[in-house]
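Enquirer: Next comes data-v2.txt, compact mmCIF, C-alpha atoms:
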```txt
# COMPACT_ATOMS: atom_id res chain seq x y z
CA MET L 14 7.82 108.70 -211.79
CA THR L 15 11.50 107.81 -212.10
CA GLU L 16 10.65 104.20 -212.85
CA LEU L 17 8.30 105.22 -215.66
CA SER L 18 10.81 107.64 -217.15
CA THR L 19 13.56 105.02 -217.38
CA ASP L 20 11.33 102.51 -219.15
CA ARG L 21 11.85 102.59 -222.92
CA ARG L 22 8.10 102.92 -223.49
CA PHE L 23 7.93 106.24 -221.59
CA HIS L 24 9.29 109.73 -222.03
CA ASN L 25 9.08 113.02 -220.11
CA LEU L 26 7.73 115.91 -222.17
CA THR L 27 9.96 118.92 -222.76
CA GLU L 28 8.91 122.39 -221.67
CA GLU L 29 7.93 123.24 -225.25
CA GLN L 30 5.81 120.08 -225.52
CA VAL L 31 4.07 120.90 -222.22
CA GLN L 32 3.33 124.37 -223.63
CA THR L 33 1.74 122.81 -226.73
CA LEU L 34 -0.26 120.39 -224.57
CA HIS L 35 -1.50 123.35 -222.50
CA GLN L 36 -2.69 125.06 -225.69
CA VAL L 37 -4.55 121.91 -226.76
CA LEU L 38 -6.27 121.43 -223.40
CA THR L 39 -7.32 125.08 -223.02
CA GLU L 40 -8.41 125.71 -226.60
CA VAL L 41 -12.15 126.27 -227.03
CA ILE L 42 -13.61 123.59 -229.31
CA PRO L 43 -17.15 124.02 -230.68
CA ILE L 44 -19.49 121.05 -230.42
CA HIS L 45 -22.11 121.76 -233.05
CA GLY L 46 -25.75 120.95 -232.42
CA ARG L 47 -28.14 119.65 -235.03
CA GLY L 48 -31.22 121.61 -236.00
CA ASN L 49 -31.88 124.53 -233.69
CA PHE L 50 -29.62 123.33 -230.89
CA PRO L 51 -26.91 125.84 -229.98
CA THR L 52 -23.19 125.27 -230.36
CA LEU L 53 -21.45 124.22 -227.15
CA GLU L 54 -18.16 125.99 -226.43
CA VAL L 55 -15.98 123.44 -224.64
CA LYS L 56 -12.40 123.43 -223.38
CA PRO L 57 -11.00 119.86 -223.30
CA LYS L 58 -9.67 120.27 -219.76
CA ASP L 59 -13.15 121.24 -218.54
CA ILE L 60 -15.11 118.40 -220.11
CA ILE L 61 -12.47 115.88 -218.98
CA HIS L 62 -12.71 117.16 -215.40
CA VAL L 63 -16.51 117.08 -215.29
CA VAL L 64 -16.76 113.61 -216.86
CA LYS L 65 -14.10 112.16 -214.56
CA GLU L 66 -15.68 113.68 -211.45
CA ARG L 67 -19.12 112.30 -212.25
CA LEU L 68 -17.79 108.85 -213.17
CA VAL L 69 -16.19 108.64 -209.73
CA LYS L 70 -19.46 109.75 -208.11
CA ARG L 71 -21.23 106.93 -209.98
CA GLU L 72 -18.64 104.48 -208.62
CA ILE L 73 -16.81 103.96 -211.92
CA LYS L 74 -13.11 103.64 -211.07
CA VAL L 75 -10.91 105.86 -213.26
CA ARG L 76 -7.28 104.70 -213.46
CA ASP L 77 -5.97 107.61 -215.55
CA VAL L 78 -6.82 109.97 -218.41
CA ARG L 79 -4.74 110.17 -221.61
CA LEU L 80 -4.51 112.19 -224.82
CA ASN L 81 -4.26 109.80 -227.75
CA GLY L 82 -3.71 109.61 -231.50
CA SER L 83 -2.93 112.44 -233.90
CA THR L 84 -3.36 115.14 -231.24
CA ALA L 85 -0.76 113.48 -229.03
CA SER L 86 1.54 113.25 -232.07
CA HIS L 87 0.97 116.97 -232.69
CA VAL L 88 2.02 117.78 -229.12
CA LEU L 89 5.21 115.75 -229.50
CA VAL L 90 6.23 116.88 -232.99
CA LYS L 91 4.59 119.88 -234.65
CA GLU L 92 4.16 119.89 -238.43
CA ASN L 93 4.77 116.16 -238.64
CA GLY L 94 2.60 115.62 -241.71
CA THR L 95 -0.24 113.89 -239.87
CA SER L 96 -3.51 115.77 -239.74
CA TYR L 97 -4.46 116.99 -236.26
CA LYS L 98 -8.22 116.70 -236.23
CA ASP L 99 -10.13 114.61 -233.70
CA LEU L 100 -9.35 115.22 -230.05
CA ASP L 101 -9.00 111.66 -228.69
CA ILE L 102 -9.31 111.35 -224.91
CA ILE L 103 -8.96 107.94 -223.25
CA PHE L 104 -10.39 107.33 -219.79
CA GLY L 105 -8.83 104.20 -218.31
CA VAL L 106 -11.74 102.71 -216.36
CA GLU L 107 -12.90 99.52 -214.65
CA LEU L 108 -15.95 98.08 -216.44
CA PRO L 109 -16.80 94.75 -214.82
CA ARG L 110 -20.45 94.81 -215.95
CA GLN L 111 -22.38 95.58 -219.14
CA GLU L 112 -24.52 97.96 -217.07
CA ASP L 113 -21.50 100.22 -216.58
CA PHE L 114 -21.73 101.30 -220.23
CA GLN L 115 -25.16 102.77 -219.55
CA ILE L 116 -23.74 104.73 -216.61
CA ILE L 117 -20.98 106.13 -218.84
CA LYS L 118 -23.52 107.23 -221.46
CA GLU L 119 -25.70 108.90 -218.83
CA VAL L 120 -22.67 110.69 -217.35
CA VAL L 121 -21.45 112.09 -220.69
CA LEU L 122 -24.88 113.21 -221.87
CA GLY L 123 -25.57 114.76 -218.46
CA CYS L 124 -22.28 116.66 -218.60
CA LEU L 125 -23.19 118.16 -221.97
CA LEU L 126 -26.14 119.88 -220.31
CA ASP L 127 -23.63 121.85 -218.20
CA PHE L 128 -22.11 123.35 -221.35
CA LEU L 129 -25.37 124.66 -222.80
CA PRO L 130 -25.32 128.47 -223.08
CA GLN L 131 -26.87 130.55 -220.32
CA GLY L 132 -30.54 131.19 -220.82
CA VAL L 133 -31.33 127.76 -222.28
CA ASN L 134 -34.13 126.04 -220.35
CA LYS L 135 -32.67 122.64 -219.46
CA ASP L 136 -35.66 121.31 -217.51
CA LYS L 137 -37.30 119.49 -220.40
CA ILE L 138 -34.15 118.42 -222.25
CA THR L 139 -33.66 114.65 -221.92
CA ALA L 140 -30.53 112.57 -222.36
CA LEU L 141 -31.98 111.16 -225.59
CA THR L 142 -32.44 114.70 -226.91
CA MET L 143 -28.81 115.55 -226.13
CA LYS L 144 -27.67 112.38 -227.86
CA GLU L 145 -29.62 113.23 -231.01
CA ALA L 146 -28.37 116.82 -230.96
CA TYR L 147 -24.65 116.45 -230.21
CA VAL L 148 -23.41 112.86 -230.59
CA GLN L 149 -21.77 111.89 -233.88
CA LYS L 150 -21.46 108.19 -233.04
CA MET L 151 -21.49 105.76 -230.14
CA VAL L 152 -19.67 102.43 -230.00
CA LYS L 153 -19.74 99.70 -227.35
CA VAL L 154 -17.53 96.60 -227.29
CA PHE L 155 -17.82 93.98 -224.53
CA ASN L 156 -16.16 90.62 -225.09
CA GLU L 157 -13.46 88.38 -223.66
CA HIS L 158 -10.53 90.49 -224.87
CA ASP L 159 -11.89 93.99 -225.54
CA ARG L 160 -14.09 96.03 -223.25
CA TRP L 161 -14.52 99.69 -224.17
CA SER L 162 -16.93 102.34 -225.41
CA LEU L 163 -16.66 105.48 -227.52
CA ILE L 164 -18.80 108.61 -227.57
CA SER L 165 -17.90 111.03 -230.37
CA LEU L 166 -19.21 114.60 -230.12
CA SER L 167 -19.96 116.44 -233.36
CA ASN L 168 -17.85 119.15 -234.94
CA ASN L 169 -18.70 120.41 -238.42
CA ARG L 170 -15.04 120.98 -239.26
CA GLY L 171 -14.09 117.39 -238.52
CA LYS L 172 -12.50 118.13 -235.14
CA ASN L 173 -14.70 115.80 -233.14
CA VAL L 174 -14.21 115.37 -229.39
CA GLU L 175 -13.84 111.60 -228.97
CA LEU L 176 -14.28 110.29 -225.44
CA LYS L 177 -13.12 106.68 -225.15
CA PHE L 178 -13.64 104.60 -222.01
CA VAL L 179 -11.28 101.64 -221.97
CA ASN L 180 -11.21 98.73 -219.56
CA SER L 181 -9.20 96.53 -221.93
CA LEU L 182 -8.17 96.83 -225.57
CA ARG L 183 -5.80 94.38 -227.20
CA ARG L 184 -4.64 96.74 -229.93
CA GLN L 185 -4.34 100.46 -229.14
CA PHE L 186 -2.50 101.70 -232.25
CA GLU L 187 -2.19 101.06 -235.98
CA PHE L 188 1.26 102.50 -236.78
CA SER L 189 4.14 103.67 -234.64
CA VAL L 190 3.43 107.34 -235.50
CA ASP L 191 -0.05 107.13 -233.93
CA SER L 192 0.97 105.00 -230.94
CA PHE L 193 1.55 107.87 -228.49
CA GLN L 194 -0.51 108.51 -225.37
CA ILE L 195 0.12 111.48 -223.06
CA ILE L 196 -0.88 110.91 -219.42
CA LEU L 197 -2.90 113.96 -218.39
CA ASP L 198 -3.61 113.44 -214.69
CA ARG L 199 -0.87 115.69 -213.29
CA MET L 200 -1.72 118.41 -215.81
CA LEU L 201 -5.40 118.23 -214.83
CA GLU L 202 -4.50 118.38 -211.13
CA SER L 203 -2.47 121.53 -211.76
CA TYR L 204 -5.49 123.17 -213.40
CA LEU L 205 -7.70 122.32 -210.41
CA GLU L 206 -5.07 123.74 -208.07
CA ALA L 207 -4.91 126.95 -210.12
CA GLU L 208 -8.70 127.28 -209.86
CA ARG L 209 -8.62 126.76 -206.11
CA ARG L 210 -5.97 129.46 -205.81
CA GLN L 211 -7.81 131.65 -208.34
CA VAL L 212 -4.73 132.19 -210.47
CA ALA L 213 -4.32 132.15 -214.24
CA HIS L 214 -3.97 128.81 -216.02
CA GLU L 215 -0.37 129.05 -217.17
CA PRO L 216 1.52 126.03 -218.50
CA PRO L 217 2.49 124.27 -215.25
CA ALA L 218 6.10 123.51 -214.34
CA ILE L 219 5.47 119.80 -213.83
CA THR L 220 6.65 116.52 -215.29
CA VAL L 221 4.24 115.15 -217.88
CA VAL L 222 4.81 111.61 -219.15
CA ALA L 223 4.03 110.17 -222.58
CA GLU L 224 3.97 106.50 -223.55
CA SER L 225 4.38 104.77 -226.92
CA MET L 226 2.10 101.74 -227.21
CA TYR L 227 4.39 100.64 -230.06
CA GLY L 228 6.99 99.85 -227.44
CA ASP L 229 10.19 101.83 -227.98
CA PHE L 230 9.39 105.52 -227.48
CA GLU L 231 12.54 106.95 -229.11
CA GLN L 232 12.20 104.69 -232.14
CA ALA L 233 8.57 105.72 -232.58
CA MET L 234 9.61 109.38 -232.21
CA ASP L 235 12.19 108.96 -234.97
CA HIS L 236 9.45 107.53 -237.19
CA LEU L 237 7.30 110.58 -236.40
CA ARG L 238 10.12 113.11 -236.99
CA TYR L 239 11.28 111.56 -240.26
CA ARG L 240 7.83 110.52 -241.51
CA LEU L 241 8.44 106.78 -241.55
CA ILE L 242 5.84 104.02 -241.62
CA ALA L 243 6.26 101.08 -239.27
CA THR L 244 3.90 98.71 -237.49
CA ARG L 245 3.71 95.27 -235.95
CA ASN L 246 1.29 92.46 -236.75
CA PRO L 247 -1.12 94.44 -238.98
CA GLU L 248 -3.29 91.33 -239.18
CA GLU L 249 -4.36 92.17 -235.59
CA ILE L 250 -5.81 95.55 -236.65
CA ARG L 251 -9.43 95.70 -237.74
CA GLY L 252 -9.21 96.46 -241.46
CA GLY L 253 -5.49 95.72 -241.34
CA GLY L 254 -4.58 99.42 -241.15
CA LEU L 255 -4.89 99.53 -244.94
CA LEU L 256 -6.81 102.81 -245.13
CA LYS L 257 -4.53 104.62 -242.66
CA TYR L 258 -1.45 103.22 -244.44
CA SER L 259 -2.61 104.66 -247.78
CA ASN L 260 -3.27 107.98 -246.05
CA LEU L 261 0.29 108.07 -244.69
CA LEU L 262 1.66 107.36 -248.17
CA VAL L 263 -0.31 110.28 -249.60
CA ARG L 264 1.14 112.52 -246.87
CA GLU L 265 4.62 111.54 -248.12
CA PHE L 266 5.48 109.14 -245.32
CA LYS L 267 7.88 106.39 -246.42
CA PRO L 268 8.21 102.79 -245.23
CA ALA L 269 10.82 102.43 -242.49
CA SER L 270 11.87 99.13 -244.06
CA GLU L 271 11.59 98.66 -247.83
CA THR L 272 12.36 94.94 -247.42
CA GLU L 273 9.42 94.33 -245.08
CA ILE L 274 6.76 96.63 -246.48
CA LYS L 275 5.48 94.34 -249.25
CA THR L 276 4.87 91.58 -246.72
CA LEU L 277 3.11 94.05 -244.43
CA GLU L 278 0.98 95.30 -247.32
CA ARG L 279 -0.18 91.75 -248.05
CA TYR L 280 -1.15 91.28 -244.40
CA MET L 281 -3.00 94.62 -244.43
CA CYS L 282 -4.97 93.69 -247.54
CA SER L 283 -5.76 90.20 -246.28
CA ARG L 284 -7.16 91.49 -243.00
CA PHE L 285 -9.11 94.25 -244.77
CA PHE L 286 -10.88 91.72 -246.99
CA ILE L 287 -11.51 89.40 -244.03
CA ASP L 288 -13.23 92.21 -242.13
CA PHE L 289 -15.00 93.65 -245.19
CA PRO L 290 -15.57 90.73 -247.58
CA ASP L 291 -18.40 92.31 -249.60
CA VAL L 292 -17.64 95.05 -252.12
CA ASN L 293 -20.52 97.16 -250.81
CA GLU L 294 -19.10 96.95 -247.28
CA GLN L 295 -15.72 97.98 -248.66
CA GLN L 296 -17.27 100.94 -250.43
CA ARG L 297 -19.09 102.12 -247.29
CA LYS L 298 -15.91 101.82 -245.23
CA ILE L 299 -13.81 103.77 -247.74
CA GLU L 300 -16.45 106.49 -248.16
CA SER L 301 -16.72 106.83 -244.37
CA TYR L 302 -12.93 107.17 -244.15
CA LEU L 303 -12.95 109.89 -246.81
CA ARG L 304 -15.68 111.82 -244.97
CA ASN L 305 -13.95 111.63 -241.61
CA HIS L 306 -10.30 112.18 -242.59
CA PHE L 307 -10.34 114.64 -245.50
CA ILE L 308 -12.47 117.50 -244.21
CA GLY L 309 -10.83 120.63 -245.61
CA GLU L 310 -8.50 118.45 -247.68
CA GLU L 311 -10.89 117.37 -250.41
CA SER L 312 -8.24 117.97 -253.08
CA SER L 313 -6.25 115.04 -251.68
CA LYS L 314 -9.06 112.50 -252.02
CA TYR L 315 -8.22 111.53 -255.59
CA ASP L 316 -4.53 110.89 -254.81
CA TYR L 317 -5.58 108.92 -251.76
CA LEU L 318 -7.93 106.67 -253.71
CA MET L 319 -5.40 106.04 -256.45
CA THR L 320 -2.76 105.20 -253.83
CA LEU L 321 -5.19 102.81 -252.16
CA ARG L 322 -5.98 101.25 -255.53
CA ARG L 323 -2.29 100.70 -256.27
CA VAL L 324 -1.68 99.00 -252.92
CA VAL L 325 -4.71 96.73 -253.37
CA ASN L 326 -3.69 95.95 -256.94
CA GLU L 327 -0.11 95.07 -256.04
CA SER L 328 -0.61 93.33 -252.70
CA THR L 329 -3.92 91.47 -252.79
CA VAL L 330 -3.32 87.71 -252.96
CA CYS L 331 -6.32 86.48 -250.98
CA LEU L 332 -9.12 87.21 -253.49
CA MET L 333 -10.40 85.41 -256.54
CA GLY L 334 -9.88 87.30 -259.78
CA HIS L 335 -13.52 88.38 -260.06
CA GLU L 336 -13.64 89.72 -256.49
CA ARG L 337 -10.37 91.55 -256.98
CA ARG L 338 -11.62 93.22 -260.16
CA GLN L 339 -14.82 94.26 -258.38
CA THR L 340 -12.86 95.96 -255.63
CA LEU L 341 -10.48 97.71 -258.03
CA ASN L 342 -13.39 98.89 -260.16
CA MET L 343 -15.23 100.18 -257.09
CA ILE L 344 -12.19 102.22 -255.99
CA THR L 345 -11.77 103.53 -259.55
CA ILE L 346 -15.37 104.70 -259.68
CA LEU L 347 -14.98 106.43 -256.31
CA ALA L 348 -11.89 108.20 -257.68
CA LEU L 349 -13.81 109.36 -260.76
CA LYS L 350 -16.70 110.48 -258.58
CA VAL L 351 -14.25 112.62 -256.59
CA LEU L 352 -12.92 114.12 -259.82
CA GLY L 353 -16.44 114.91 -260.93
CA GLU L 354 -17.19 116.62 -257.62
CA GLN L 355 -14.04 118.71 -257.96
CA ASN L 356 -14.84 119.37 -261.66
CA ALA L 357 -11.17 118.91 -262.49
CA ILE L 358 -8.93 116.12 -263.70
CA PRO L 359 -5.28 116.68 -262.78
CA ASN L 360 -2.56 116.68 -265.40
CA THR L 361 -4.99 116.56 -268.30
CA THR L 362 -6.24 119.20 -270.71
CA ASN L 363 -8.65 117.36 -272.98
CA VAL L 364 -10.37 114.45 -271.28
CA THR L 365 -13.93 113.21 -271.15
CA CYS L 366 -15.12 109.96 -269.59
CA PHE L 367 -18.46 108.28 -270.07
CA TYR L 368 -19.04 104.88 -268.54
CA GLN L 369 -21.70 102.64 -267.10
CA PRO L 370 -20.95 101.35 -263.58
CA ALA L 371 -21.01 97.62 -262.95
CA PRO L 372 -24.35 96.27 -261.61
CA TYR L 373 -23.12 95.98 -258.02
CA MET L 374 -22.53 99.73 -257.91
CA ALA L 375 -26.20 100.52 -258.59
CA ASP L 376 -27.19 102.21 -255.35
CA HIS L 377 -28.28 105.67 -254.25
CA ASN L 378 -24.71 106.98 -254.35
CA PHE L 379 -24.32 106.51 -258.07
CA SER L 380 -26.41 107.49 -261.04
CA ASN L 381 -26.82 104.99 -263.86
CA TYR L 382 -24.35 106.98 -265.90
CA TYR L 383 -21.69 109.22 -264.54
CA ILE L 384 -19.98 111.85 -266.62
CA ALA L 385 -16.71 113.54 -265.69
CA HIS L 386 -15.40 115.95 -268.29
CA SER L 387 -13.04 118.84 -268.73
CA GLN L 388 -13.08 119.64 -272.42
CA PRO L 389 -14.90 118.23 -275.46
CA PRO L 390 -14.96 116.18 -277.58
CA LEU L 391 -16.91 113.41 -275.87
CA ILE L 392 -15.23 110.02 -275.89
CA TYR L 393 -17.89 107.36 -275.43
CA HIS L 394 -17.22 103.81 -274.30
CA PRO L 395 -20.36 101.73 -273.68
CA TYR L 396 -18.62 98.97 -271.76
CA PRO L 397 -18.51 98.95 -267.95
CA LEU L 398 -15.53 100.85 -266.64
CA HIS L 399 -13.76 101.19 -269.98
CA ILE L 400 -12.11 104.57 -269.49
CA HIS L 401 -10.16 106.68 -271.94
CA MET L 402 -8.09 109.17 -270.01
CA GLN L 403 -4.57 110.06 -269.04
CA THR L 404 -4.72 109.68 -265.26
CA GLY L 405 -3.42 106.15 -264.86
CA LEU L 406 -6.85 104.55 -264.46
CA VAL L 407 -7.32 101.30 -266.31
```
Would you write the structure of this file as structure tokens?
Expert:
Amino acid sequence: MTELSTDRRFHNLTEEQVQTLHQVLTEVIPIHGRGNFPTLEVKPKDIIHVVKERLVKREIKVRDVRLNGSTASHVLVKENGTSYKDLDIIFGVELPRQEDFQIIKEVVLGCLLDFLPQGVNKDKITALTMKEAYVQKMVKVFNEHDRWSLISLSNNRGKNVELKFVNSLRRQFEFSVDSFQIILDRMLESYLEAERRQVAHEPPAITVVAESMYGDFEQAMDHLRYRLIATRNPEEIRGGGLLKYSNLLVREFKPASETEIKTLERYMCSRFFIDFPDVNEQQRKIESYLRNHFIGEESSKYDYLMTLRRVVNESTVCLMGHERRQTLNMITILALKVLGEQNAIPNTTNVTCFYQPAPYMADHNFSNYYIAHSQPPLIYHPYPLHIHMQTGLV
């Protein structure tokens, strides 16, 4: 433990941080079922314990268990401006074979049966039924460099329980402020000991260690405290970190280095367009990000999209002019769609827009004509994406 604590990547949690971690692990989180399936009431510490125990029984070696992402950041610095939504749990596991992924899936779905309310007849409920009822998404990656899987359990308020099983993962963070992982094993052992002794689960007086995958823990903590944006090699991140970067900007985070940020933005944009070269792919990715990261914060979607549009407009050097215009127009239309859904256009008192989307936008998400208005008179422009308004859209 001493060796870990003296390494610059690691840090011992304070008593207050351990208290916050205890609250996170013992909080009841609802996992909502689809259709007539009941809501599961789950404490993170309980589902972690059951999953780990059954993995070991199925001869899957578990190295450690960690709390990751925005929840770990919340434990370290409360009210840090990042949204604390998904509960990200990482199981460090050995996965030498593809078949091990099937074992993990069976274990997780089998564990969910244990959390069904009393009185539910479990005899005829299959693993496939549990998957359809409670799993938001499942991901499996098995290649030379990355070997991991993800099972995300549904929560209607956007607070999904995300169970990640990682053998190897080249890149475990996007920005320094989301690079923290809290090692939970000693905390979990203290809960088991309390159960054996039949005493209340109080915050244990133990040393809990956190690690920054960014590298320098104290530097990453300063970025978190003072709401600063920093990363390394964004071209290594799928999507370049572009969508998360725009989200941080909207939440009033500032670049840690003004001299480097324009270069980083260009790398982010380049990688985003490498991973999502088609405008329809880009649209699906952005819409998915909005659904998953702005639950309860719908009023921020417009600012987010306009921030994203500005970054793409100022930093994209890898696209031909036509492709660049397509992307900018797509983001603009999404922003107007958000305004229409909110039935309000900020900072305007007399604005009406009437436009015809470009042909590539003609899918089920968009009507042939889209009208967003606040007050008459109607201002009509028959040309694609020619918009008369005072919101900065062009």
Enquirer: One number please: atom CA of Gln194 of chain L to atom CA of Cys124 of chain L, in Å, one decimal.
Expert: 24.2 Å
Enquirer: Have a look at atom CA of Phe23 of chain L and atom CA of Asp191 of chain L and let me know their distance in Å, one decimal.
Expert: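 Between these atoms lies a distance of 14.7 Å.
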Enquirer: Rank nothing, just name the residue among L:Val106, L:Ser301, L:Ser270, L:Leu205 nearest to Val63 of chain L, using only C-alpha atoms.
Expert: L:Leu205
Enquirer: What gap, in Å, lies between atom CA of Arg71 of chain L and atom CA of Leu53 of chain L?
Expert: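 Computed distance, atom CA of Arg71 of chain L to atom CA of Leu53 of chain L, equals 24.4 Å.
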Enquirer: Ile242 of chain L: which residues within 7 Å, counting all atoms listed in the file, same-chain residues fewer than 4 positions away excluded, as an MDAnalysis selection string?
Expert: chainID L and resid 188 236 266:269
Enquirer: Have a look at L:Gln211, L:Arg21, L:Ile117, L:Ala140 and name the one nearest to Glu66 of chain L; count all atoms listed in the file.
Expert: L:Ile117
Enquirer: Write out as a PDB file with C-alpha atoms, in the coordinates of the input each polymer residue whose atoms come within 10 Å of Gln355 of chain L, counting all atoms listed in the file; drop sequence neighbours fewer than 3 positions from it.
Expert:
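Final output, saved to result_22.pdb:
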```pdb
ATOM      1  CA  GLU L 311     -10.890 117.370-250.410  1.00  0.00           C
ATOM      2  CA  SER L 312      -8.240 117.970-253.080  1.00  0.00           C
ATOM      3  CA  LYS L 314      -9.060 112.500-252.020  1.00  0.00           C
ATOM      4  CA  TYR L 315      -8.220 111.530-255.590  1.00  0.00           C
ATOM      5  CA  LEU L 349     -13.810 109.360-260.760  1.00  0.00           C
ATOM      6  CA  LYS L 350     -16.700 110.480-258.580  1.00  0.00           C
ATOM      7  CA  VAL L 351     -14.250 112.620-256.590  1.00  0.00           C
ATOM      8  CA  LEU L 352     -12.920 114.120-259.820  1.00  0.00           C
ATOM      9  CA  ILE L 358      -8.930 116.120-263.700  1.00  0.00           C
ATOM     10  CA  ALA L 385     -16.710 113.540-265.690  1.00  0.00           C
TER      11      ALA L 385
END
```
Enquirer: Name the residues in contact with Glu29 of chain L at a cut-off of 12 Å, using all atoms listed in the file, excluding same-chain residues fewer than 2 positions from it; report them as a list in words.
Expert: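 Contacts, with the query itself left out: Asn25, Leu26, Thr27, Val31, Gln32, Thr33, Leu34, His35, Gln36, His87, Val88, Leu89, Val90, Lys91, Pro216, Pro217, Ala218 and Val221 of chain L.
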Enquirer: Can you complete the atoms of segment 104-119 of chain L to N, CA, C and O atoms and list them as an mmCIF file, keeping the file's coordinate frame?
Expert:
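As written to disk, out-v4.cif reads:
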```cif
data_model
loop_
_atom_site.group_PDB
_atom_site.id
_atom_site.type_symbol
_atom_site.label_atom_id
_atom_site.label_comp_id
_atom_site.auth_asym_id
_atom_site.auth_seq_id
_atom_site.Cartn_x
_atom_site.Cartn_y
_atom_site.Cartn_z
ATOM 1 N N PHE L 104 -10.209 107.523 -221.219
ATOM 2 C CA PHE L 104 -10.390 107.330 -219.790
ATOM 3 C C PHE L 104 -10.126 105.851 -219.494
ATOM 4 O O PHE L 104 -10.870 104.978 -219.962
ATOM 5 N N GLY L 105 -9.069 105.569 -218.734
ATOM 6 C CA GLY L 105 -8.830 104.200 -218.310
ATOM 7 C C GLY L 105 -9.751 103.875 -217.155
ATOM 8 O O GLY L 105 -9.641 104.476 -216.077
ATOM 9 N N VAL L 106 -10.691 102.963 -217.354
ATOM 10 C CA VAL L 106 -11.740 102.710 -216.360
ATOM 11 C C VAL L 106 -11.884 101.220 -216.086
ATOM 12 O O VAL L 106 -11.417 100.385 -216.865
ATOM 13 N N GLU L 107 -12.545 100.903 -214.976
ATOM 14 C CA GLU L 107 -12.900 99.520 -214.650
ATOM 15 C C GLU L 107 -14.359 99.308 -215.047
ATOM 16 O O GLU L 107 -15.249 100.027 -214.578
ATOM 17 N N LEU L 108 -14.598 98.345 -215.941
ATOM 18 C CA LEU L 108 -15.950 98.080 -216.440
ATOM 19 C C LEU L 108 -16.277 96.592 -216.253
ATOM 20 O O LEU L 108 -16.288 95.817 -217.213
ATOM 21 N N PRO L 109 -16.536 96.174 -215.034
ATOM 22 C CA PRO L 109 -16.800 94.750 -214.820
ATOM 23 C C PRO L 109 -18.142 94.277 -215.354
ATOM 24 O O PRO L 109 -18.330 93.085 -215.604
ATOM 25 N N ARG L 110 -19.099 95.212 -215.550
ATOM 26 C CA ARG L 110 -20.450 94.810 -215.950
ATOM 27 C C ARG L 110 -20.898 95.557 -217.210
ATOM 28 O O ARG L 110 -20.467 96.674 -217.471
ATOM 29 N N GLN L 111 -21.787 94.915 -217.971
ATOM 30 C CA GLN L 111 -22.380 95.580 -219.140
ATOM 31 C C GLN L 111 -23.116 96.843 -218.723
ATOM 32 O O GLN L 111 -23.148 97.830 -219.458
ATOM 33 N N GLU L 112 -23.723 96.815 -217.521
ATOM 34 C CA GLU L 112 -24.520 97.960 -217.070
ATOM 35 C C GLU L 112 -23.675 99.226 -216.911
ATOM 36 O O GLU L 112 -24.195 100.338 -216.947
ATOM 37 N N ASP L 113 -22.367 99.056 -216.750
ATOM 38 C CA ASP L 113 -21.500 100.220 -216.580
ATOM 39 C C ASP L 113 -21.476 101.099 -217.835
ATOM 40 O O ASP L 113 -21.235 102.307 -217.748
ATOM 41 N N PHE L 114 -21.703 100.514 -218.999
ATOM 42 C CA PHE L 114 -21.730 101.300 -220.230
ATOM 43 C C PHE L 114 -22.893 102.292 -220.209
ATOM 44 O O PHE L 114 -22.774 103.411 -220.710
ATOM 45 N N GLN L 115 -24.010 101.874 -219.652
ATOM 46 C CA GLN L 115 -25.160 102.770 -219.550
ATOM 47 C C GLN L 115 -24.849 103.936 -218.624
ATOM 48 O O GLN L 115 -25.225 105.083 -218.891
ATOM 49 N N ILE L 116 -24.131 103.663 -217.535
ATOM 50 C CA ILE L 116 -23.740 104.730 -216.610
ATOM 51 C C ILE L 116 -22.847 105.744 -217.316
ATOM 52 O O ILE L 116 -23.017 106.960 -217.169
ATOM 53 N N ILE L 117 -21.888 105.241 -218.105
ATOM 54 C CA ILE L 117 -20.980 106.130 -218.840
ATOM 55 C C ILE L 117 -21.768 107.026 -219.787
ATOM 56 O O ILE L 117 -21.538 108.241 -219.863
ATOM 57 N N LYS L 118 -22.705 106.437 -220.517
ATOM 58 C CA LYS L 118 -23.520 107.230 -221.460
ATOM 59 C C LYS L 118 -24.310 108.302 -220.717
ATOM 60 O O LYS L 118 -24.353 109.461 -221.147
ATOM 61 N N GLU L 119 -24.923 107.936 -219.610
ATOM 62 C CA GLU L 119 -25.700 108.900 -218.830
ATOM 63 C C GLU L 119 -24.812 110.028 -218.322
ATOM 64 O O GLU L 119 -25.211 111.205 -218.324
#
```
